[in-house]
file start-v8.cif (mmCIF, C-alpha atoms and all ligand atoms)
data_query
#
loop_
_atom_site.label_atom_id
_atom_site.label_comp_id
_atom_site.auth_asym_id
_atom_site.auth_seq_id
_atom_site.Cartn_x
_atom_site.Cartn_y
_atom_site.Cartn_z
CA MET A 27 162.44 276.44 92.85
CA ILE A 28 163.43 276.74 96.50
CA GLN A 29 160.40 276.19 98.72
CA ARG A 30 159.57 277.89 101.98
CA VAL A 31 160.19 275.91 105.17
CA ARG A 32 157.43 273.45 106.13
CA GLY A 33 155.02 274.86 108.70
CA THR A 34 155.92 278.49 107.89
CA ARG A 35 153.87 280.94 105.86
CA ASP A 36 154.31 283.99 103.63
CA PHE A 37 151.64 286.67 103.92
CA THR A 38 150.32 288.57 100.90
CA PRO A 39 149.55 292.31 101.09
CA ALA A 40 145.83 291.43 101.46
CA GLU A 41 146.56 289.00 104.31
CA MET A 42 148.78 291.58 106.00
CA GLY A 43 145.88 294.03 105.88
CA GLY A 44 143.80 291.65 108.01
CA ARG A 45 146.69 290.86 110.33
CA ARG A 46 147.38 294.57 110.91
CA GLN A 47 143.68 295.15 111.59
CA VAL A 48 143.79 292.56 114.39
CA GLU A 49 147.15 293.74 115.70
CA ASP A 50 145.87 297.33 115.88
CA LEU A 51 142.94 296.12 117.94
CA LEU A 52 145.21 294.14 120.27
CA ARG A 53 147.49 297.14 120.63
CA SER A 54 144.64 299.49 121.50
CA ILE A 55 143.05 297.11 124.01
CA ALA A 56 146.41 296.44 125.72
CA ARG A 57 146.97 300.20 126.00
CA GLU A 58 143.49 300.79 127.39
CA TYR A 59 144.22 298.31 130.18
CA GLY A 60 147.58 299.98 130.91
CA TYR A 61 149.89 297.28 129.48
CA ARG A 62 153.26 298.35 128.06
CA GLU A 63 154.71 296.94 124.87
CA ILE A 64 158.06 295.17 124.81
CA GLN A 65 160.00 292.97 122.41
CA THR A 66 162.49 290.18 123.07
CA PRO A 67 164.85 288.31 120.69
CA VAL A 68 163.78 285.39 118.53
CA ILE A 69 166.78 283.34 119.74
CA GLU A 70 167.46 282.60 123.40
CA ASN A 71 169.76 280.32 125.37
CA ALA A 72 168.07 276.91 125.17
CA GLU A 73 168.31 276.46 128.96
CA LEU A 74 165.74 279.23 129.39
CA PHE A 75 163.09 276.81 128.16
CA ILE A 76 164.59 273.53 129.33
CA ALA A 77 163.98 274.18 133.01
CA LYS A 78 160.21 274.42 133.16
CA SER A 79 158.54 274.54 129.81
CA GLY A 80 157.48 270.91 130.05
CA PRO A 81 158.27 267.88 127.89
CA ALA A 82 155.87 268.78 125.11
CA VAL A 83 157.51 272.12 124.38
CA LEU A 84 161.00 270.64 124.68
CA GLU A 85 160.35 267.87 122.18
CA GLU A 86 159.02 270.51 119.83
CA MET A 87 161.80 273.03 120.32
CA TYR A 88 164.03 274.26 117.50
CA SER A 89 167.42 274.15 119.24
CA PHE A 90 170.88 274.27 117.76
CA GLU A 91 174.50 275.01 118.55
CA ASP A 92 175.90 278.27 117.19
CA ARG A 93 179.44 278.73 115.88
CA GLY A 94 180.61 279.65 119.37
CA GLY A 95 179.35 276.33 120.77
CA ARG A 96 176.37 277.92 122.59
CA GLN A 97 173.19 275.89 122.84
CA LEU A 98 170.47 278.18 121.51
CA ALA A 99 166.76 277.85 120.71
CA LEU A 100 164.13 279.66 118.70
CA ARG A 101 161.60 280.76 121.33
CA PRO A 102 158.66 278.33 121.60
CA GLU A 103 156.70 280.82 123.75
CA LEU A 104 157.11 284.26 125.30
CA THR A 105 156.60 283.91 129.07
CA ALA A 106 160.12 282.66 129.87
CA PRO A 107 161.78 285.40 127.74
CA VAL A 108 159.61 288.09 129.38
CA VAL A 109 160.57 286.88 132.88
CA ARG A 110 164.25 286.74 131.87
CA PHE A 111 163.98 290.33 130.58
CA TYR A 112 162.21 291.45 133.77
CA LEU A 113 164.97 289.94 135.94
CA SER A 114 167.83 291.44 133.96
CA ASP A 115 166.47 294.93 133.25
CA MET A 116 163.08 295.75 134.72
CA SER A 117 163.07 294.50 138.30
CA ASN A 118 163.22 298.07 139.65
CA TYR A 119 160.13 299.16 137.71
CA PRO A 120 157.06 299.99 139.81
CA MET A 121 154.87 296.96 140.41
CA PRO A 122 152.77 295.52 139.00
CA LEU A 123 154.65 295.44 135.74
CA LYS A 124 152.07 294.88 133.00
CA LEU A 125 153.65 293.95 129.68
CA TRP A 126 152.50 292.78 126.27
CA CYS A 127 153.91 291.81 122.89
CA VAL A 128 152.92 290.21 119.61
CA SER A 129 155.78 288.04 118.38
CA ASN A 130 156.54 284.92 116.40
CA CYS A 131 157.25 281.63 118.19
CA PHE A 132 158.49 278.30 116.84
CA ARG A 133 157.45 274.75 117.65
CA TYR A 134 158.36 271.64 115.67
CA GLU A 135 154.80 270.32 115.49
CA GLU A 136 152.97 268.45 112.75
CA PRO A 137 151.51 271.30 110.67
CA GLN A 138 147.77 271.38 109.97
CA ALA A 139 145.02 273.99 109.75
CA GLY A 140 145.56 276.35 112.69
CA ARG A 141 148.82 274.70 113.73
CA TYR A 142 152.12 275.95 112.35
CA ARG A 143 155.82 275.65 113.05
CA GLU A 144 156.15 279.43 112.99
CA PHE A 145 153.14 281.04 114.64
CA PHE A 146 152.40 284.28 116.42
CA GLN A 147 151.26 284.94 119.97
CA PHE A 148 149.68 287.98 121.59
CA ASP A 149 151.25 287.65 125.02
CA VAL A 150 150.20 289.56 128.15
CA GLU A 151 151.98 289.29 131.51
CA ILE A 152 151.39 290.82 134.95
CA ILE A 153 154.49 290.61 137.15
CA GLY A 154 154.33 291.51 140.83
CA SER A 155 150.71 290.90 141.81
CA GLY A 156 149.49 287.74 143.46
CA ALA A 157 146.00 289.12 144.02
CA PRO A 158 142.86 287.59 142.47
CA GLU A 159 142.25 290.96 140.76
CA ALA A 160 145.26 290.27 138.49
CA ASP A 161 143.92 286.93 137.23
CA ALA A 162 140.42 288.44 136.95
CA GLU A 163 141.82 291.33 134.88
CA LEU A 164 143.28 288.87 132.37
CA LEU A 165 139.89 287.20 132.01
CA MET A 166 138.22 290.60 131.57
CA LEU A 167 140.75 291.64 128.94
CA ALA A 168 140.36 288.32 127.13
CA SER A 169 136.58 288.58 127.16
CA ASP A 170 136.70 292.20 125.93
CA LEU A 171 139.06 291.17 123.16
CA CYS A 172 136.86 288.31 121.95
CA ARG A 173 133.84 290.62 121.94
CA ARG A 174 135.61 293.33 119.96
CA LEU A 175 136.94 290.79 117.48
CA GLY A 176 133.36 289.67 116.94
CA LEU A 177 133.99 286.12 118.24
CA LYS A 178 130.68 285.07 119.75
CA GLU A 179 130.96 281.37 120.45
CA VAL A 180 134.07 281.35 122.64
CA SER A 181 134.14 279.28 125.83
CA PHE A 182 136.33 279.94 128.86
CA ARG A 183 137.51 277.05 131.04
CA ILE A 184 139.15 277.94 134.34
CA GLY A 185 140.84 275.78 136.92
CA HIS A 186 143.50 275.99 139.61
CA VAL A 187 146.50 273.62 139.53
CA GLY A 188 146.88 274.09 143.30
CA ILE A 189 143.70 272.08 143.95
CA VAL A 190 145.01 268.87 142.34
CA ARG A 191 148.58 269.47 143.51
CA GLU A 192 147.41 269.75 147.14
CA MET A 193 145.59 266.41 146.77
CA LEU A 194 148.70 264.83 145.23
CA ASP A 195 150.79 266.24 148.11
CA ALA A 196 148.37 264.69 150.59
CA ALA A 197 148.72 261.36 148.76
CA HIS A 198 152.53 261.71 149.03
CA VAL A 199 153.17 261.99 145.30
CA PRO A 200 156.53 263.80 145.15
CA ARG A 201 156.42 267.27 143.52
CA GLU A 202 158.86 266.24 140.77
CA GLU A 203 156.53 263.38 139.74
CA GLN A 204 153.35 265.46 139.82
CA SER A 205 153.88 267.11 136.44
CA GLY A 206 153.81 263.65 134.78
CA PHE A 207 150.31 263.17 136.19
CA LEU A 208 149.22 266.70 135.28
CA HIS A 209 150.34 266.16 131.67
CA LEU A 210 148.10 263.09 131.42
CA ILE A 211 145.17 265.10 132.77
CA ASP A 212 146.02 267.97 130.37
CA LYS A 213 145.81 265.51 127.48
CA ARG A 214 142.58 264.07 128.97
CA ARG A 215 144.23 260.61 129.18
CA TYR A 216 142.26 259.59 132.27
CA GLY A 217 142.99 255.86 131.93
CA ASP A 218 146.74 256.51 131.96
CA ALA A 219 146.27 258.96 134.85
CA GLU A 220 144.53 256.21 136.83
CA ASN A 221 147.39 253.81 136.07
CA PHE A 222 149.87 256.48 137.12
CA LEU A 223 148.28 256.67 140.58
CA ALA A 224 147.87 252.89 140.84
CA GLY A 225 151.56 252.48 139.94
CA ARG A 226 152.48 254.65 142.92
CA ARG A 227 150.32 252.61 145.30
CA ILE A 228 148.09 255.55 146.14
CA ASP A 229 145.20 254.62 148.41
CA ALA A 230 142.20 253.72 146.20
CA ASP A 231 139.86 256.27 147.82
CA ALA A 232 142.44 259.05 147.51
CA ALA A 233 143.07 258.11 143.86
CA ARG A 234 139.34 258.13 143.11
CA GLY A 235 139.01 261.51 144.83
CA ILE A 236 141.84 262.99 142.74
CA LEU A 237 140.41 261.70 139.45
CA GLN A 238 136.90 262.85 140.32
CA THR A 239 138.21 266.31 141.15
CA CYS A 240 140.01 266.48 137.80
CA ALA A 241 136.75 265.61 136.03
CA LYS A 242 134.72 268.35 137.75
CA HIS A 243 133.38 271.07 135.50
CA GLY A 244 130.42 273.43 135.41
CA ASP A 245 129.51 276.75 137.01
CA SER A 246 130.87 277.90 140.36
CA SER A 247 128.43 275.65 142.23
CA ILE A 248 130.78 272.71 141.50
CA LEU A 249 133.08 274.22 144.15
CA ASN A 250 130.35 273.97 146.81
CA GLY A 251 131.52 271.83 149.69
CA MET A 252 135.17 272.07 148.61
CA ARG A 253 137.63 273.76 150.94
CA GLY A 254 141.16 275.13 150.81
CA ALA A 255 143.08 278.26 149.87
CA SER A 256 143.19 277.35 146.16
CA VAL A 257 139.43 276.79 146.00
CA ASP A 258 138.74 280.12 147.75
CA TYR A 259 141.13 281.92 145.42
CA LEU A 260 139.52 280.41 142.32
CA ARG A 261 136.04 281.30 143.60
CA GLU A 262 137.12 284.91 144.10
CA VAL A 263 138.70 285.23 140.65
CA VAL A 264 135.62 283.84 138.92
CA SER A 265 133.17 285.95 140.89
CA LEU A 266 135.25 289.12 140.31
CA ALA A 267 135.53 288.52 136.57
CA GLU A 268 131.86 287.59 136.17
CA SER A 269 130.78 290.70 138.07
CA GLN A 270 132.83 292.77 135.59
CA GLY A 271 130.98 291.53 132.55
CA THR A 272 132.86 288.48 131.27
CA GLY A 273 129.61 286.53 131.11
CA ARG A 274 129.36 283.11 132.71
CA LEU A 275 132.70 281.34 133.01
CA ASN A 276 133.06 277.57 133.14
CA ILE A 277 135.09 276.12 135.93
CA ASP A 278 136.98 273.01 134.82
CA LEU A 279 139.33 271.48 137.36
CA GLY A 280 140.81 269.29 134.60
CA VAL A 281 142.49 272.38 133.10
CA VAL A 282 146.04 272.00 134.37
CA ARG A 283 147.98 273.26 131.29
CA GLY A 284 150.81 271.63 129.37
CA LEU A 285 153.61 273.94 130.56
CA ASP A 286 155.15 273.05 133.93
CA TYR A 287 155.53 276.52 135.38
CA TYR A 288 151.92 277.10 136.42
CA THR A 289 151.20 277.31 140.14
CA GLY A 290 147.72 278.78 140.54
CA VAL A 291 144.70 279.77 138.48
CA VAL A 292 144.92 278.40 134.93
CA PHE A 293 142.59 278.91 132.01
CA GLU A 294 142.00 278.12 128.38
CA ILE A 295 139.71 279.72 125.84
CA ASP A 296 138.26 277.80 122.89
CA ALA A 297 136.61 278.96 119.70
CA PRO A 298 134.75 275.73 118.77
CA GLU A 299 134.23 276.77 115.14
CA LEU A 300 137.98 276.24 114.59
CA GLY A 301 137.65 272.46 114.95
CA ALA A 302 140.70 270.47 116.09
CA GLU A 303 142.92 273.48 116.82
CA LYS A 304 140.23 275.42 118.63
CA GLN A 305 142.23 276.67 121.60
CA ILE A 306 142.76 280.40 121.02
CA CYS A 307 144.26 281.27 124.40
CA GLY A 308 145.98 279.73 127.39
CA GLY A 309 147.34 281.22 130.58
CA GLY A 310 147.49 281.38 134.33
CA SER A 311 149.72 282.26 137.26
CA TYR A 312 153.20 280.83 137.38
CA SER A 313 156.58 280.79 139.05
CA LEU A 314 159.64 281.17 136.82
CA ALA A 315 161.83 283.88 138.39
CA PRO A 316 163.55 281.65 141.03
CA LEU A 317 164.41 279.15 138.32
CA PHE A 318 166.30 281.86 136.44
CA GLY A 319 168.22 282.94 139.56
CA GLY A 320 165.84 285.70 140.68
CA LYS A 321 163.65 286.20 143.73
CA GLU A 322 160.19 284.64 143.79
CA ILE A 323 157.66 287.08 142.38
CA ALA A 324 153.95 286.54 141.87
CA SER A 325 153.19 286.50 138.12
CA THR A 326 150.29 285.70 135.89
CA GLY A 327 149.73 285.95 132.15
CA MET A 328 148.19 284.56 129.01
CA ALA A 329 148.88 284.16 125.33
CA PHE A 330 146.41 284.25 122.45
CA GLY A 331 147.25 282.33 119.30
CA PHE A 332 147.26 285.29 116.91
CA ASP A 333 146.89 283.12 113.79
CA ARG A 334 143.88 281.34 115.28
CA LEU A 335 142.22 284.70 115.98
CA ILE A 336 142.74 285.53 112.32
CA LEU A 337 141.22 282.21 111.24
CA ALA A 338 138.20 282.69 113.50
CA MET A 339 137.63 286.19 112.14
CA GLN A 340 138.04 284.99 108.57
CA ARG A 341 135.25 282.50 109.20
CA ALA A 342 133.08 285.15 110.81
CA GLY A 343 133.69 287.35 107.73
CA THR A 344 134.93 290.25 109.85
CA LEU A 345 138.48 290.37 108.53
CA ARG A 346 139.35 293.28 106.26
CA GLY A 347 141.79 293.04 103.40
CA GLU A 348 144.50 295.39 102.25
CA GLU A 349 143.99 299.14 102.74
CA PRO A 350 143.15 300.56 99.28
CA LEU A 351 145.42 303.08 97.60
CA ASP A 352 143.95 306.60 97.74
CA LEU A 353 145.59 308.14 94.71
CA PHE A 354 147.50 307.24 91.56
CA VAL A 355 149.08 310.11 89.58
CA LEU A 356 150.02 309.80 85.95
CA ALA A 357 151.53 312.12 83.38
CA ALA A 358 150.25 312.40 79.80
CA SER A 359 153.75 313.00 78.49
CA GLU A 360 157.40 312.61 79.44
CA THR A 361 157.94 316.29 80.25
CA LEU A 362 155.04 316.28 82.70
CA ARG A 363 156.44 313.49 84.90
CA PRO A 364 158.03 315.87 87.43
CA ASP A 365 154.62 317.55 87.89
CA ALA A 366 153.02 314.17 88.56
CA ILE A 367 155.71 313.29 91.09
CA ARG A 368 155.22 316.66 92.81
CA ILE A 369 151.47 316.09 93.17
CA ALA A 370 152.04 312.60 94.68
CA GLY A 371 154.51 314.16 97.16
CA SER A 372 152.07 316.89 98.15
CA ALA A 373 149.32 314.27 98.67
CA ARG A 374 151.50 312.11 100.95
CA GLY A 375 152.17 315.13 103.15
CA LYS A 376 148.40 315.30 103.73
CA GLY A 377 148.06 311.66 104.76
CA ILE A 378 146.84 310.49 101.35
CA THR A 379 148.45 307.24 100.15
CA ALA A 380 149.78 308.03 96.70
CA GLU A 381 151.76 306.39 93.91
CA PHE A 382 152.91 307.69 90.56
CA ASP A 383 153.69 305.63 87.48
CA LEU A 384 157.16 304.09 87.83
CA MET A 385 156.87 302.13 84.59
CA ARG A 386 156.65 304.99 82.07
CA ARG A 387 153.50 303.37 80.69
CA SER A 388 151.05 304.75 78.19
CA MET A 389 148.06 306.57 79.68
CA SER A 390 145.65 303.71 79.06
CA LYS A 391 147.97 301.10 80.53
CA ALA A 392 148.72 303.27 83.55
CA LEU A 393 144.99 303.78 84.11
CA LYS A 394 144.44 300.04 83.93
CA TYR A 395 147.16 299.48 86.53
CA ALA A 396 145.60 302.14 88.79
CA SER A 397 142.31 300.36 88.52
CA THR A 398 143.68 296.84 89.29
CA ARG A 399 145.67 298.37 92.14
CA GLY A 400 142.34 299.55 93.57
CA ALA A 401 143.18 303.29 93.53
CA ARG A 402 140.25 305.41 94.73
CA PHE A 403 141.26 308.46 92.62
CA THR A 404 143.63 309.21 89.78
CA VAL A 405 145.09 312.54 88.82
CA ILE A 406 146.06 312.96 85.20
CA VAL A 407 148.55 315.70 84.38
CA GLY A 408 147.93 316.70 80.76
CA GLU A 409 149.43 319.38 78.45
CA LYS A 410 146.13 321.18 77.95
CA GLU A 411 145.30 321.40 81.65
CA LYS A 412 148.88 322.30 82.52
CA ALA A 413 148.48 325.50 80.49
CA SER A 414 145.70 326.55 82.88
CA GLU A 415 147.55 325.19 85.93
CA SER A 416 144.94 322.48 86.34
CA VAL A 417 144.76 318.69 86.32
CA VAL A 418 142.10 316.05 85.71
CA LEU A 419 140.80 314.40 88.87
CA ARG A 420 139.10 311.09 88.15
CA ASP A 421 136.93 309.24 90.64
CA MET A 422 137.73 305.57 89.94
CA VAL A 423 134.49 304.33 91.49
CA THR A 424 131.98 306.58 89.72
CA GLY A 425 134.14 307.28 86.66
CA GLY A 426 133.36 311.01 87.05
CA GLN A 427 136.06 313.54 86.05
CA ASP A 428 136.67 317.17 87.07
CA ILE A 429 139.22 319.77 86.07
CA ILE A 430 140.75 321.08 89.31
CA PRO A 431 143.44 323.74 89.89
CA VAL A 432 146.75 322.04 90.77
CA ARG A 433 147.24 324.04 93.94
CA VAL A 434 144.04 322.69 95.54
CA VAL A 435 143.78 319.22 94.03
CA THR A 436 145.29 317.32 96.99
CA ASP A 437 143.08 319.24 99.46
CA GLU A 438 140.10 318.35 97.30
CA ILE A 439 141.08 314.64 97.37
CA ALA A 440 141.62 314.73 101.14
CA GLN A 441 138.18 316.25 101.57
CA ARG A 442 136.48 313.71 99.32
CA LEU A 443 138.23 310.83 101.14
CA ARG A 444 137.09 312.21 104.50
CA ALA A 445 133.53 312.54 103.24
CA GLY A 446 133.67 308.99 101.81
CA ARG A 447 134.92 307.57 105.12
CA GLY A 448 132.09 309.50 106.75
P1 LIG B 1 150.24 277.83 125.10
O1 LIG B 1 148.91 277.29 125.48
O2 LIG B 1 151.33 276.86 124.85
O3 LIG B 1 150.65 278.84 126.27
O4 LIG B 1 150.09 278.76 123.82
C1 LIG B 1 149.16 279.81 123.80
C2 LIG B 1 148.36 279.80 122.52
O5 LIG B 1 149.24 279.84 121.39
C3 LIG B 1 147.54 278.54 122.30
O6 LIG B 1 146.31 278.61 123.01
C4 LIG B 1 147.34 278.55 120.79
O7 LIG B 1 146.25 279.39 120.45
C5 LIG B 1 148.61 279.20 120.28
N1 LIG B 1 149.52 278.16 119.73
C6 LIG B 1 150.31 277.31 120.39
N2 LIG B 1 150.99 276.52 119.53
C7 LIG B 1 150.60 276.88 118.28
C8 LIG B 1 150.95 276.44 116.94
N3 LIG B 1 151.84 275.48 116.72
N4 LIG B 1 150.34 277.05 115.89
C9 LIG B 1 149.43 278.05 116.09
N5 LIG B 1 149.08 278.51 117.32
C10 LIG B 1 149.66 277.94 118.40
C11 LIG B 1 151.81 279.56 126.27
O8 LIG B 1 152.57 279.63 125.35
C12 LIG B 1 152.03 280.32 127.56
N6 LIG B 1 153.33 281.02 127.45
C13 LIG B 1 150.89 281.28 127.84
C14 LIG B 1 151.12 282.12 129.07
C15 LIG B 1 151.46 283.43 129.11
N7 LIG B 1 151.04 281.68 130.31
C16 LIG B 1 151.35 282.68 131.14
N8 LIG B 1 151.64 283.73 130.42
#
call {"tool": "encode", "arguments": {"input": "start-v8.cif", "output": "structure tokens"}}
result
Amino acid sequence: MIQRVRGTRDFTPAEMGGRRQVEDLLRSIAREYGYREIQTPVIENAELFIAKSGPAVLEEMYSFEDRGGRQLALRPELTAPVVRFYLSDMSNYPMPLKLWCVSNCFRYEEPQAGRYREFFQFDVEIIGSGAPEADAELLMLASDLCRRLGLKEVSFRIGHVGIVREMLDAAHVPREEQSGFLHLIDKRRYGDAENFLAGRRIDADAARGILQTCAKHGDSSILNGMRGASVDYLREVVSLAESQGTGRLNIDLGVVRGLDYYTGVVFEIDAPELGAEKQICGGGSYSLAPLFGGKEIASTGMAFGFDRLILAMQRAGTLRGEEPLDLFVLAASETLRPDAIRIAGSARGKGITAEFDLMRRSMSKALKYASTRGARFTVIVGEKEKASESVVLRDMVTGGQDIIPVRVVTDEIAQRLRAGRG
């Protein structure tokens, strides 16, 4: 048998029920905050990601040449495609442009629990604002989202890449070499980071200062005594977000992010119960537009790992399954099938999910199917009842049966479903 591709997944109807539940929540929260939904293609020109996505993403990228000789890639993330889309089609929209999408991304990583080659991101971007309120809004949205998903133990870690970059500038580490250092810090490889600085003959005191700064974490008091525009900006973002109910946020100056396009505030959110792949969100402010031939524009954003949200909710036991079927209609004899089909049609028009028997089964077998399918009600169209223009309505939970006039049976079901949903 042909197998599915390693690192990809199929989703059963029950799994899709849970995924839709989470997506509906993401959709409603994005709308409440005034974000607008977009979609971009799965394939892009590879160069879109080559410029600034950082070595990790590039090594993991699915890229290939198409029949026309174009170098293409399956998107490893959504920020670069969103900025490309903004530059080509949305640059005359009123600012800030607040966009969101849930889409699949692809990275050639070693698959394990919580890490896949095809995974989904809930991506949120704010284009056009360089104010601390924009970064603070992302943190507020993220905190709201975690609360509504029922994730209690999440931890936020917030830094600002400008702080370390300014120190590297002062130590004369060229900009193009700085990302190498930041990647080591991102991976928490402090020994290698120290060697990196030693290899560039950075003054020992300056090197110590840089490494100590990268190791700083705690509440906002860790910024006491520190000066500079980046520090002030970070302080303002954290105080704004905390005053709007995010709860206490951890500042961690070692958060510098794996992608190379970040320029300002950066943050990561962990759900520790997920173990090794505990990072559920990453984001921050970035510069990508000039790289794609556009004008510099202040931008900030974040992406939640959708699949990791699902895993965390599964563990918390708050994930629903498939929506049950409301109604299954069956006919007691061949000649009554059109009546059964008509009743299912009338039910659907009233928002009731309804199926009729497509297998021409016997009554008992059809009833068994309705029961395994989880139908809440069945309607049985029988000869005897037909004579009095009635049908049998069976409650599949209680087993109770009533004879109901055909013309009101779907209204009756709708009413009972409403009462049941309370
Ligand atoms: P990222 O940190 O590379 O950031 O990815 C965001 C989230 O996607 C991660 O925190 C993680 O939850 C999830 N994720 C990443 N790789 C995988 C995988 N292989 N399997 C399952 N989940 C995964 C970005 O992609 C940036 N574009 C975020 C951003 C938006 N920055 C600004 N705007």
call {"tool": "closest_residue", "arguments": {"input": "start-v8.cif", "among": "A:Ala196, A:Val282, A:Ile248, A:Leu52", "to": "Trp126 (chain A)", "atoms": "only C-alpha atoms"}}
result
A:Leu52
call {"tool": "closest_atom_pairs", "arguments": {"input": "start-v8.cif", "of": "chain A", "to": "ligand LIG 1 (chain B)", "cutoff": "7 Å", "atoms": "all atoms listed in the file", "output": "JSON lines"}}
result
{"residue": "A:Glu103", "atom": "CA", "partner": "B:LIG1", "partner_atom": "O8", "distance": 4.6}
{"residue": "A:Leu104", "atom": "CA", "partner": "B:LIG1", "partner_atom": "N6", "distance": 5.4}
{"residue": "A:Thr105", "atom": "CA", "partner": "B:LIG1", "partner_atom": "N6", "distance": 4.7}
{"residue": "A:Arg133", "atom": "CA", "partner": "B:LIG1", "partner_atom": "N3", "distance": 5.7}
{"residue": "A:Glu135", "atom": "CA", "partner": "B:LIG1", "partner_atom": "N3", "distance": 6.1}
{"residue": "A:Gly140", "atom": "CA", "partner": "B:LIG1", "partner_atom": "C9", "distance": 5.4}
{"residue": "A:Arg141", "atom": "CA", "partner": "B:LIG1", "partner_atom": "N4", "distance": 3.5}
{"residue": "A:Tyr142", "atom": "CA", "partner": "B:LIG1", "partner_atom": "N4", "distance": 4.1}
{"residue": "A:Arg143", "atom": "CA", "partner": "B:LIG1", "partner_atom": "N3", "distance": 5.4}
{"residue": "A:Glu144", "atom": "CA", "partner": "B:LIG1", "partner_atom": "N4", "distance": 6.9}
{"residue": "A:Phe145", "atom": "CA", "partner": "B:LIG1", "partner_atom": "C9", "distance": 5.0}
{"residue": "A:Phe146", "atom": "CA", "partner": "B:LIG1", "partner_atom": "N5", "distance": 6.7}
{"residue": "A:Gln147", "atom": "CA", "partner": "B:LIG1", "partner_atom": "O5", "distance": 5.7}
{"residue": "A:Asp149", "atom": "CA", "partner": "B:LIG1", "partner_atom": "C15", "distance": 5.9}
{"residue": "A:Val150", "atom": "CA", "partner": "B:LIG1", "partner_atom": "C15", "distance": 6.3}
{"residue": "A:Glu151", "atom": "CA", "partner": "B:LIG1", "partner_atom": "N8", "distance": 5.7}
{"residue": "A:Gly284", "atom": "CA", "partner": "B:LIG1", "partner_atom": "O2", "distance": 6.9}
{"residue": "A:Leu285", "atom": "CA", "partner": "B:LIG1", "partner_atom": "O2", "distance": 6.8}
{"residue": "A:Glu294", "atom": "CA", "partner": "B:LIG1", "partner_atom": "O6", "distance": 6.9}
{"residue": "A:Gln305", "atom": "CA", "partner": "B:LIG1", "partner_atom": "O6", "distance": 4.7}
{"residue": "A:Ile306", "atom": "CA", "partner": "B:LIG1", "partner_atom": "O7", "distance": 3.7}
{"residue": "A:Cys307", "atom": "CA", "partner": "B:LIG1", "partner_atom": "O6", "distance": 3.6}
{"residue": "A:Gly308", "atom": "CA", "partner": "B:LIG1", "partner_atom": "O1", "distance": 4.3}
{"residue": "A:Gly309", "atom": "CA", "partner": "B:LIG1", "partner_atom": "N7", "distance": 3.7}
{"residue": "A:Gly310", "atom": "CA", "partner": "B:LIG1", "partner_atom": "C16", "distance": 5.2}
{"residue": "A:Ser311", "atom": "CA", "partner": "B:LIG1", "partner_atom": "C16", "distance": 6.3}
{"residue": "A:Tyr312", "atom": "CA", "partner": "B:LIG1", "partner_atom": "C16", "distance": 6.8}
{"residue": "A:Thr326", "atom": "CA", "partner": "B:LIG1", "partner_atom": "C16", "distance": 5.7}
{"residue": "A:Gly327", "atom": "CA", "partner": "B:LIG1", "partner_atom": "N8", "distance": 3.4}
{"residue": "A:Met328", "atom": "CA", "partner": "B:LIG1", "partner_atom": "C15", "distance": 3.5}
{"residue": "A:Ala329", "atom": "CA", "partner": "B:LIG1", "partner_atom": "C13", "distance": 4.3}
{"residue": "A:Phe330", "atom": "CA", "partner": "B:LIG1", "partner_atom": "C2", "distance": 4.9}
{"residue": "A:Gly331", "atom": "CA", "partner": "B:LIG1", "partner_atom": "O7", "distance": 3.3}
{"residue": "A:Phe332", "atom": "CA", "partner": "B:LIG1", "partner_atom": "O7", "distance": 7.0}
{"residue": "A:Asp333", "atom": "CA", "partner": "B:LIG1", "partner_atom": "C9", "distance": 6.1}
{"residue": "A:Arg334", "atom": "CA", "partner": "B:LIG1", "partner_atom": "O7", "distance": 6.0}
call {"tool": "atom_distance", "arguments": {"input": "start-v8.cif", "atom1": "CA of Glu322 (chain A)", "atom2": "CA of Val291 (chain A)"}}
result
17.1 Å
call {"tool": "closest_residue", "arguments": {"input": "start-v8.cif", "among": "A:Val109, A:Leu300, A:Ala99, A:Ile295", "to": "Ala168 (chain A)", "atoms": "all atoms listed in the file"}}
result
A:Ile295
call {"tool": "atom_distance", "arguments": {"input": "start-v8.cif", "atom1": "CA of Leu177 (chain A)", "atom2": "CA of Gly273 (chain A)"}}
result
13.6 Å
call {"tool": "closest_residue", "arguments": {"input": "start-v8.cif", "among": "A:Ser313, A:Thr239, A:Ser359, A:Ser205", "to": "Arg283 (chain A)", "atoms": "all atoms listed in the file"}}
result
A:Ser205
